[in-house]
Amino acid sequence: MSRVIAIANQKGGVGKTTTAINLSAALAQEGKRVLALDMDPQGNMTSGLGLSKNEIEKTTYDILCGNVNIEESIQRNVLENLDVIPGNIHLSAIELELIEVENREYIMKEEVDKIKEDYDFIIIDCPPALSMLTINALTTADSVLVPIQSEYYALEGLTLLIHTIELVKDRLNSDLEIEGIVFTMYDARTNLSQQVVENVRENITQRVYDTIIPRNIRLAEAPSHGLPISIYDPKSTGAIKYKELAKEVMKEENL
């Protein structure tokens with residue numbers, strides 16, 4: 001059974017795209033058929049998987065505008081078992097493009113439903129804002145995986161995001177669930193990081209993954225080479241941790 005997971009957080013700089021790239025690649029390395037779908041105008045998931053976001057003609061923007069069908073936009077076998085639907089800066093104009101379009105919240109869902117069963121996992125990288133792009137991702141998704149940074153305001157931002165997800169569930173996608181919360185940029189040397197993890201675990205009822213993604217220089221370097229960490233430095237701590245996260249996600253889905 002296919003599973004569509006949106007990687008979302010309204011706050012930027014929390015490792016959202018890093019998680020989208022490296023979870024997609026780790027699942028593919030485990031033999032799962034994966035589609036990485038970039039809905040962030042920055043296009044960093046696209047470039048982080050080795051595609052030139054400025055040169056690709058058929059993107060998520062073209063799907064949302066109805067210029068192409070979803071099959072035409074898939075870049076196949078970018079890595080073994082991993083296909084990509086790229087995104088780029090054109091997405092920043094989508095709010096205006098869709099302003100008079102009926103049922104605009106469900107455009108991506110209707111397209112993804114056509115190819116959903118071709119994959120075990122579809123991973124959607126969302127922009128760091130509650131925009132029409134994020135709404136389309138959340139109506140398409142079965143669940144939301146939330147990366148949060150191990151910092152002082154983590155719980156406050158997480159509470160707001162959970163509220164937003166519940167609103168979308170109530171009004172647009174009754175099947176939407178919170179897949180889980182993963183801590184990123186964790187610094188084991190600081191008491192603050194440890195306190196934040198404990199605080200979140202104690203105060204929320206949603207699932208928190210056992211895997212914690214540390215601050216890691218190799219993780220930061222990998223996107224500039226257009227490679228996921230599992231290929232750029234497979235022995236690094238970052239690669240090991242994303243492999244562990246992928247196994248937790250698969251275990252949850254019984255896949």
# chains A, B, ... in the order shown; residues from 1 in each chain; ligands from 1
$ select_by_dssp --residues "stretch 16-199 of chain A" --states "strand (DSSP E or B)" --output "MDAnalysis selection string"
chainID A and resid 34:38 75:79 82:85 121:125 143:149 177:186
$ residues_around --residues "stretch 160-173 of chain A" --least-positions-apart "4" --cutoff "10 Å" --atoms "only C-alpha atoms" --output "number ranges by chain"
A: 8-11, 105-106, 130, 135-136, 138-144, 146, 155-156, 177-178, 204, 206
$ write_last_selection --atoms "C-alpha atoms" --output "PDB file, in the first residue's frame"
ATOM      1  CA  ALA A   8       6.124  20.210   6.929  1.00  0.00           C
ATOM      2  CA  ASN A   9       6.916  22.923   9.427  1.00  0.00           C
ATOM      3  CA  GLN A  10       5.797  26.548   9.238  1.00  0.00           C
ATOM      4  CA  LYS A  11       9.168  27.570  10.632  1.00  0.00           C
ATOM      5  CA  GLU A 105      -6.846  22.982  -2.753  1.00  0.00           C
ATOM      6  CA  TYR A 106      -7.122  19.523  -4.361  1.00  0.00           C
ATOM      7  CA  LEU A 130       0.879  27.961   5.310  1.00  0.00           C
ATOM      8  CA  ILE A 135      -2.549  23.230   1.612  1.00  0.00           C
ATOM      9  CA  ASN A 136      -2.242  21.217  -1.613  1.00  0.00           C
ATOM     10  CA  LEU A 138      -1.680  18.452   3.096  1.00  0.00           C
ATOM     11  CA  THR A 139      -4.781  17.518   1.111  1.00  0.00           C
ATOM     12  CA  THR A 140      -2.629  15.097  -0.923  1.00  0.00           C
ATOM     13  CA  ALA A 141      -0.878  13.535   2.060  1.00  0.00           C
ATOM     14  CA  ASP A 142      -1.928  10.639   4.251  1.00  0.00           C
ATOM     15  CA  SER A 143       0.240  11.973   7.039  1.00  0.00           C
ATOM     16  CA  VAL A 144       2.618  14.754   8.090  1.00  0.00           C
ATOM     17  CA  VAL A 146       7.291  17.235  11.375  1.00  0.00           C
ATOM     18  CA  LEU A 155       7.324  23.370  21.658  1.00  0.00           C
ATOM     19  CA  GLU A 156       5.581  26.678  20.984  1.00  0.00           C
ATOM     20  CA  GLU A 177      -2.679  12.141  10.465  1.00  0.00           C
ATOM     21  CA  ILE A 178       0.519  13.243  12.128  1.00  0.00           C
ATOM     22  CA  ILE A 204       2.558  16.208  23.462  1.00  0.00           C
ATOM     23  CA  GLN A 206       1.765  12.703  19.113  1.00  0.00           C
TER      24      GLN A 206
END
$ residues_around --residues "stretch 208-223 of chain A" --least-positions-apart "4" --cutoff "6 Å" --atoms "only C-alpha atoms" --output "list of chain:residue names"
A:Gly48, A:Gly180, A:Ile181, A:Val182, A:Phe183, A:Thr184, A:Met185, A:Tyr186, A:Leu227, A:Ile229, A:Tyr232, A:Gly238, A:Leu245
$ closest_residue --among "A:Lys58, A:Lys243, A:Arg33, A:Arg76" --to "A:Met1" --atoms "only C-alpha atoms"
A:Arg33
$ closest_residue --among "A:Ile56, A:Val196, A:Ile5, A:Ile89" --to "A:Ala154" --atoms "only C-alpha atoms"
A:Val196
$ atom_distance --atom1 "atom CA of A:Lys32" --atom2 "atom CA of A:Tyr119"
7.7 Å
$ residues_around --residues "A:Thr60" --least-positions-apart "2" --cutoff "8 Å" --atoms "only C-alpha atoms" --output "list in words"
Leu37, Asp38, Met39, Lys58, Asp62, Ile63, Leu64, Ser73, Ile85, Pro86, Gly87 and Leu91 of chain A
$ closest_residue --among "A:Ala28, A:Leu145, A:Ile74, A:Ala137" --to "A:Lys247" --atoms "only C-alpha atoms"
A:Ala28
$ atom_distance --atom1 "atom CA of A:Glu179" --atom2 "atom CA of A:Arg104"
24.6 Å
$ closest_residue --among "A:Thr59, A:Ser2, A:Met45, A:Ser193" --to "A:Ala25" --atoms "only C-alpha atoms"
A:Met45
$ closest_residue --among "A:Asn54, A:Gln29, A:Thr18, A:Asn199" --to "A:Ile231" --atoms "only C-alpha atoms"
A:Gln29
$ select_by_dssp --residues "stretch 18-192 of chain A" --states "alpha helix (DSSP H)" --output "compact mmCIF listing (two decimals) with N, CA and C atoms, in the first residue's frame"
# COMPACT_ATOMS: atom_id res chain seq x y z
N THR A 18 16.29 18.94 4.28
CA THR A 18 17.31 17.93 4.54
C THR A 18 16.65 16.59 4.87
N THR A 19 15.59 16.64 5.66
CA THR A 19 14.86 15.42 6.01
C THR A 19 14.14 14.84 4.80
N ALA A 20 13.52 15.70 3.99
CA ALA A 20 12.82 15.22 2.80
C ALA A 20 13.78 14.51 1.84
N ILE A 21 14.93 15.11 1.61
CA ILE A 21 15.93 14.52 0.70
C ILE A 21 16.43 13.19 1.24
N ASN A 22 16.86 13.21 2.48
CA ASN A 22 17.58 12.05 3.01
C ASN A 22 16.67 10.92 3.45
N LEU A 23 15.45 11.24 3.85
CA LEU A 23 14.48 10.17 4.12
C LEU A 23 14.09 9.49 2.81
N SER A 24 13.85 10.28 1.76
CA SER A 24 13.53 9.72 0.44
C SER A 24 14.62 8.77 -0.03
N ALA A 25 15.87 9.22 0.06
CA ALA A 25 17.00 8.41 -0.41
C ALA A 25 17.19 7.17 0.44
N ALA A 26 17.01 7.32 1.76
CA ALA A 26 17.18 6.17 2.65
C ALA A 26 16.11 5.11 2.41
N LEU A 27 14.87 5.55 2.18
CA LEU A 27 13.80 4.59 1.87
C LEU A 27 14.09 3.87 0.55
N ALA A 28 14.59 4.63 -0.44
CA ALA A 28 14.93 4.02 -1.73
C ALA A 28 16.04 2.99 -1.57
N GLN A 29 17.02 3.30 -0.73
CA GLN A 29 18.12 2.35 -0.50
C GLN A 29 17.64 1.08 0.21
N ASN A 44 15.02 23.42 -3.26
CA ASN A 44 16.23 22.83 -2.69
C ASN A 44 16.20 21.31 -2.64
N MET A 45 15.03 20.74 -2.56
CA MET A 45 14.95 19.28 -2.64
C MET A 45 15.38 18.81 -4.03
N THR A 46 14.96 19.56 -5.04
CA THR A 46 15.31 19.23 -6.42
C THR A 46 16.83 19.27 -6.63
N SER A 47 17.44 20.38 -6.26
CA SER A 47 18.89 20.51 -6.46
C SER A 47 19.67 19.58 -5.53
N GLY A 48 19.12 19.33 -4.33
CA GLY A 48 19.79 18.43 -3.40
C GLY A 48 19.80 16.99 -3.85
N THR A 60 6.36 20.93 -10.61
CA THR A 60 5.11 20.96 -9.84
C THR A 60 4.27 22.19 -10.21
N TYR A 61 4.92 23.27 -10.57
CA TYR A 61 4.20 24.47 -11.01
C TYR A 61 3.33 24.15 -12.23
N ASP A 62 3.89 23.44 -13.19
CA ASP A 62 3.16 23.11 -14.41
C ASP A 62 2.00 22.14 -14.14
N ILE A 63 2.20 21.25 -13.16
CA ILE A 63 1.10 20.36 -12.78
C ILE A 63 -0.04 21.16 -12.19
N LEU A 64 0.28 22.06 -11.26
CA LEU A 64 -0.76 22.85 -10.58
C LEU A 64 -1.50 23.78 -11.54
N CYS A 65 -0.78 24.26 -12.56
CA CYS A 65 -1.41 25.15 -13.54
C CYS A 65 -2.14 24.40 -14.64
N ILE A 70 0.76 14.66 -14.49
CA ILE A 70 1.81 14.33 -13.54
C ILE A 70 2.85 13.38 -14.11
N GLU A 71 2.41 12.46 -14.99
CA GLU A 71 3.36 11.50 -15.56
C GLU A 71 4.46 12.19 -16.36
N GLU A 72 4.11 13.28 -17.04
CA GLU A 72 5.08 14.00 -17.87
C GLU A 72 6.16 14.69 -17.05
N SER A 73 5.86 14.99 -15.81
CA SER A 73 6.79 15.78 -15.00
C SER A 73 7.75 14.94 -14.17
N ILE A 94 2.21 30.83 -7.72
CA ILE A 94 1.06 29.94 -7.85
C ILE A 94 -0.20 30.49 -7.19
N GLU A 95 -0.05 31.28 -6.13
CA GLU A 95 -1.23 31.84 -5.46
C GLU A 95 -2.06 32.67 -6.44
N LEU A 96 -1.38 33.49 -7.23
CA LEU A 96 -2.08 34.33 -8.21
C LEU A 96 -2.64 33.50 -9.35
N GLU A 97 -1.88 32.50 -9.78
CA GLU A 97 -2.31 31.66 -10.90
C GLU A 97 -3.61 30.92 -10.58
N ILE A 107 -5.83 20.18 -6.33
CA ILE A 107 -5.25 19.92 -7.66
C ILE A 107 -4.18 18.85 -7.60
N MET A 108 -3.23 19.00 -6.67
CA MET A 108 -2.14 18.02 -6.59
C MET A 108 -2.65 16.65 -6.17
N LYS A 109 -3.60 16.61 -5.27
CA LYS A 109 -4.16 15.33 -4.83
C LYS A 109 -4.75 14.56 -6.01
N GLU A 110 -5.51 15.26 -6.86
CA GLU A 110 -6.14 14.59 -8.00
C GLU A 110 -5.09 14.01 -8.95
N GLU A 111 -3.97 14.72 -9.10
CA GLU A 111 -2.90 14.23 -9.97
C GLU A 111 -2.13 13.08 -9.32
N VAL A 112 -1.78 13.25 -8.05
CA VAL A 112 -1.00 12.21 -7.36
C VAL A 112 -1.79 10.90 -7.28
N ASP A 113 -3.11 11.00 -7.12
CA ASP A 113 -3.93 9.78 -7.06
C ASP A 113 -3.78 8.92 -8.32
N LYS A 114 -3.42 9.55 -9.44
CA LYS A 114 -3.28 8.81 -10.70
C LYS A 114 -2.06 7.88 -10.69
N ILE A 115 -1.03 8.25 -9.92
CA ILE A 115 0.22 7.48 -9.95
C ILE A 115 0.60 6.93 -8.57
N MET A 132 -0.99 28.17 -0.31
CA MET A 132 -1.77 27.26 -1.15
C MET A 132 -0.94 26.01 -1.50
N LEU A 133 0.36 26.16 -1.59
CA LEU A 133 1.23 25.01 -1.87
C LEU A 133 1.17 24.02 -0.70
N THR A 134 1.28 24.54 0.51
CA THR A 134 1.23 23.67 1.68
C THR A 134 -0.15 23.02 1.81
N ILE A 135 -1.19 23.79 1.56
CA ILE A 135 -2.55 23.23 1.61
C ILE A 135 -2.69 22.09 0.60
N ASN A 136 -2.19 22.28 -0.61
CA ASN A 136 -2.24 21.22 -1.61
C ASN A 136 -1.47 19.98 -1.14
N ALA A 137 -0.33 20.20 -0.51
CA ALA A 137 0.45 19.07 0.00
C ALA A 137 -0.31 18.33 1.09
N LEU A 138 -0.98 19.08 1.97
CA LEU A 138 -1.68 18.45 3.10
C LEU A 138 -2.98 17.77 2.68
N THR A 139 -3.61 18.24 1.62
CA THR A 139 -4.78 17.52 1.11
C THR A 139 -4.37 16.26 0.35
N THR A 140 -3.16 16.26 -0.19
CA THR A 140 -2.63 15.10 -0.92
C THR A 140 -2.13 14.02 0.02
N ALA A 154 10.87 25.44 20.39
CA ALA A 154 10.39 24.28 19.62
C ALA A 154 8.97 23.90 19.97
N LEU A 155 8.65 23.82 21.24
CA LEU A 155 7.32 23.37 21.66
C LEU A 155 6.24 24.36 21.25
N GLU A 156 6.55 25.65 21.38
CA GLU A 156 5.58 26.68 20.98
C GLU A 156 5.24 26.58 19.49
N GLY A 157 6.26 26.45 18.65
CA GLY A 157 6.03 26.34 17.21
C GLY A 157 5.33 25.04 16.85
N LEU A 158 5.66 23.97 17.57
CA LEU A 158 5.05 22.67 17.31
C LEU A 158 3.56 22.69 17.64
N THR A 159 3.21 23.34 18.73
CA THR A 159 1.80 23.44 19.13
C THR A 159 0.98 24.15 18.06
N LEU A 160 1.53 25.22 17.50
CA LEU A 160 0.86 25.96 16.43
C LEU A 160 0.70 25.10 15.19
N LEU A 161 1.73 24.37 14.84
CA LEU A 161 1.68 23.52 13.65
C LEU A 161 0.66 22.40 13.81
N ILE A 162 0.62 21.79 14.98
CA ILE A 162 -0.36 20.73 15.23
C ILE A 162 -1.78 21.27 15.09
N HIS A 163 -2.00 22.49 15.58
CA HIS A 163 -3.31 23.14 15.44
C HIS A 163 -3.66 23.32 13.96
N THR A 164 -2.69 23.76 13.16
CA THR A 164 -2.91 23.96 11.73
C THR A 164 -3.27 22.64 11.04
N ILE A 165 -2.55 21.59 11.39
CA ILE A 165 -2.82 20.28 10.80
C ILE A 165 -4.22 19.80 11.17
N GLU A 166 -4.63 20.05 12.41
CA GLU A 166 -5.97 19.67 12.84
C GLU A 166 -7.05 20.44 12.08
N LEU A 167 -6.78 21.72 11.79
CA LEU A 167 -7.72 22.51 10.98
C LEU A 167 -7.87 21.94 9.59
N VAL A 168 -6.75 21.59 8.97
CA VAL A 168 -6.79 20.99 7.63
C VAL A 168 -7.55 19.67 7.68
N LYS A 169 -7.31 18.90 8.73
CA LYS A 169 -8.01 17.61 8.86
C LYS A 169 -9.51 17.83 8.98
N ASP A 170 -9.92 18.81 9.76
CA ASP A 170 -11.35 19.08 9.97
C ASP A 170 -12.04 19.57 8.71
N ARG A 171 -11.34 20.38 7.91
CA ARG A 171 -12.00 21.09 6.82
C ARG A 171 -11.70 20.57 5.42
N ASN A 191 22.95 21.22 27.31
CA ASN A 191 21.81 20.83 28.15
C ASN A 191 20.50 21.24 27.51
N LEU A 192 20.51 22.36 26.76
CA LEU A 192 19.28 22.87 26.16
C LEU A 192 18.67 21.83 25.22
$ atom_distance --atom1 "atom CA of A:Glu244" --atom2 "atom CA of A:Gln195"
22.5 Å
